[in-house]
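Worksheet: one structure, shown below.
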Amino acid sequence: MPPRRRSPYRILLPLANPRTARDLVRIGAGVRAARQTEMTALGIVEVPEAYSLSEGATAARNARRLLQRVLAFGDEEGVEIRTMVRIGRRAAEGIIEAVAEERADLLIFGWGGPPAGSALGANPAAAAGAELGAAIDGDREMPPVFSPTIDAVVRQSPCDIAVVKQRGLEQVRSILVPVRGGPHAELALRMARDLAHRFDAKVTVMHVVPTGIGEKACQRQQLALERFIREHGGLRRTTGIVREASSVRQAILREAAHHDLVVMGASANPTNAAPDGRYLFGTLADTVASRAKTTVVVVKTRQQVGLATFEELRGEEGSLPAADAYVERSRSLTTVVDRWFAENTFHAGEFSDIRKLVGLKEKAGLTVSVGLPALNEEKTIGLVIKRIRGALMERLPLIDQLVVIDSDSTDRTRQIAEDLGVPVVRHSEVLPELGSFTGKGEALWKSLHVLDGDIVAWIDTDISNIQPRFIYGLLGPLLREPRIAYVKGFYQRPIRDGDRVMPEGGGRVTELMARPLLNLFFPELSGLVQPLAGEYAGRRELLESVPFFSGYAVELGLLVDILDHAGLSAIGQVDLERRIHRNQPLPNLSQMAFVILQATMRKLEERHRLELLTEMGRSMKLITQDREQFSLSVREIGDQLRPAMRSIPAYQERRRSLKAR
């Protein structure tokens, strides 16, 4: 069976002035040099609305005559060129129709830039009329109209596009390709490779980074650049350089002075394109094309490239956007966290007008559920229920549902709650087909299946100084700030020493383990005052989308996953003033710290696809002491990780049934 013939690579050259087409033909002939190339020179005659299209006949004849001059350029480059003329109201429409008709792979425009202060540059219709008049008058050179036309074609992206700012291509020995990654840069490197092969030139691929990023970051950038070159067609004579500079455009312009041709990709999302055709491909490309002393080719793929494309590439380890993201985080993280702390840190007193919160809740059509996780809390559970229900359900309807989530208490916790008329659910009996683990995180995860609200809040039930602010303080940011999806509480944490209450000293695992770990490995979260606080609230659509650790690590795990899922700006924290609760004995805190460290390693493994923990690292040797000796015992300690609740079929079915009511 004979091999299938590859279809030719089709190039369309829309020409406003055929006399300047030689360099465009040379570039077209050099692109895809290893593949059969078909090139078509296109002339467009615009006929204003005031004229009949038939009035363009004379202009079309003149345009065809002018296009004949292009054929000689094709002979010089050894490529066959066809000519065609289209008549229409707008040049862009004619070009887009020709692309479809010719099944073009690449459009090559010559661009002189918009004429400064010119009425033609600002008014495409006036330019069209002038072109028609020029063609009717004879061989007078037609004024350029392609800046507004290019802009209109670029918005459609019917195929790959190259815009050439011409300054001569007499001898091309060195080609510069500035890149930052992404599809446009990939096309630029491929085109530079083909042109280098055609002109027997060397290629320099340059990536510009901020000054002072450090040796480690520079090494990451160099490795990412070398990978980019390997993956997208670098030749043996291709060199990658990383330049530190405070101005990207100045760095490119300085380097361009040492090369004969610049090929670069468009900006990802040139939202600053102006009606007169300026900044067609973003301000950086426009500036380089306008100021460089050499010919500049700016390319744009037919693929729609926006911020989402680069966000995806940022997650691809080893890519240029990922290396850039590393630099951005390391350089700007302090500013980001400082700004977040100022903008997203609240005080419960800001939300003390409960009537206003109820109004916000009702206006948004939201419901609020509060879960009370409990394990042997008979001393405090009654007070917690009475104060929350009295102020926030009976007096004012801020809370729509209050449920105790019990973890198989062996004291009177369940009986007290039931006697007060509050529903009690044993977490071991929720979704029994999935089994049950011990731990607060397991209770919270299963409570998502039980609680119905659009906003879910959880409050520990060992608080002896419980006040309504513990609830409305958490709910306030969620009801007032739509951008916030998750709120953590923080407070002063006294510690009991016998019968005395010391004003400080609580939160020992937070200060000695959790906050140092976050600062080291997840510094975006370093502004959280008390990352392990047991009081927090969030929007259901977020909480049901993230996994839950089953025990001590639930708070830290939620923060890391919510950061990855929704971003730092979606997290808030609120000062709840003072919290007094039952303090844990030191051996328990040791085990808690072990689990939190374990969970941190697990999250690092997930982020970076590393194996950090061995089976030995999943067990802990506990030291016990009696009057005569110390002894060691080994205990397997570690949280299970429950998947995002929205992935559970029974949960999906229950949510559907609730919506159908």
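Labels for the structure tokens follow display order: chains A, B, ..., residues from 1 in each chain, ligands from 1.
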Can you pull out the residues contacting segment 335-337 of chain A? Cut-off 7 Å, using only C-alpha atoms, and skip same-chain residues under 3 positions away; I want them as a PyMOL selection string.
chain A and resi 332+340-341+524+527
Mind checking DSSP for segment 183-402 of chain A and telling me the strand (DSSP E or B) residues as an MDAnalysis selection string?
chainID A and resid 202:209 238:244 261:265 295:300 345:347 368:374 401:402
Could you jot down the atom CA of Ala185 of chain A to atom CA of Gly265 of chain A separation for me, Å, one decimal place?
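Separation of atom CA of Ala185 of chain A and atom CA of Gly265 of chain A: 4.6 Å.
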Report as a ChimeraX atom specification all protein, DNA and RNA residues lying within 8 Å of His427 of chain A, evaluated on only C-alpha atoms, omitting residues in the same chain fewer than 2 positions from it.
/A:405-408,425,429-430,436,442-443,446-447
Please produce a file of those selected residues containing C-alpha atoms, as a PDB file, in the first residue's frame.
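selection07.pdb, written as the output of this step:
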```pdb
ATOM      1  CA  ILE A 405     -22.759  14.794  65.353  1.00  0.00           C
ATOM      2  CA  ASP A 406     -21.790  12.342  68.046  1.00  0.00           C
ATOM      3  CA  SER A 407     -18.741  10.070  67.877  1.00  0.00           C
ATOM      4  CA  ASP A 408     -20.119   7.297  70.097  1.00  0.00           C
ATOM      5  CA  VAL A 425     -26.700  11.623  64.722  1.00  0.00           C
ATOM      6  CA  GLU A 429     -24.337   5.167  61.558  1.00  0.00           C
ATOM      7  CA  VAL A 430     -24.124   7.645  58.648  1.00  0.00           C
ATOM      8  CA  SER A 436     -16.504   4.236  59.822  1.00  0.00           C
ATOM      9  CA  GLU A 442     -14.730  11.560  60.006  1.00  0.00           C
ATOM     10  CA  ALA A 443     -17.624  13.152  61.926  1.00  0.00           C
ATOM     11  CA  LYS A 446     -20.215  12.441  57.328  1.00  0.00           C
ATOM     12  CA  SER A 447     -22.083  15.464  58.665  1.00  0.00           C
TER      13      SER A 447
END
```
What lies within 12 Å of Arg236 of chain A using only C-alpha atoms, ignoring chain neighbours under 5 positions off, as a PyMOL selection string?
chain A and resi 193+196-197+200-204+229-230
Report, in Å with one decimal, the straight-line distance from atom CA of Ile484 of chain A to atom CA of Val595 of chain A.
28.5 Å
Pick out the closest residue to Leu53 of chain A from this set: A:Ile175, A:Arg86, A:Thr40, A:Thr283. Count only C-alpha atoms.
A:Arg86
Return the single residue from A:Glu77, A:Asp400, A:Asp626, A:Asp575 that is closest to Glu362 of chain A, with distances computed using only C-alpha atoms.
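Closest to Glu362 of chain A, using only C-alpha atoms: A:Asp400.
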Quick one: DSSP alpha helix (DSSP H) residues in segment 341-589 of chain A, as a ChimeraX atom specification?
/A:341-344,354-364,381-389,413-419,440-450,469-480,508-509,515-521,540-543,554-566,586-589
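What separates atom CA of Arg412 of chain A from atom CA of Lys386 of chain A is a distance of 16.2 Å.
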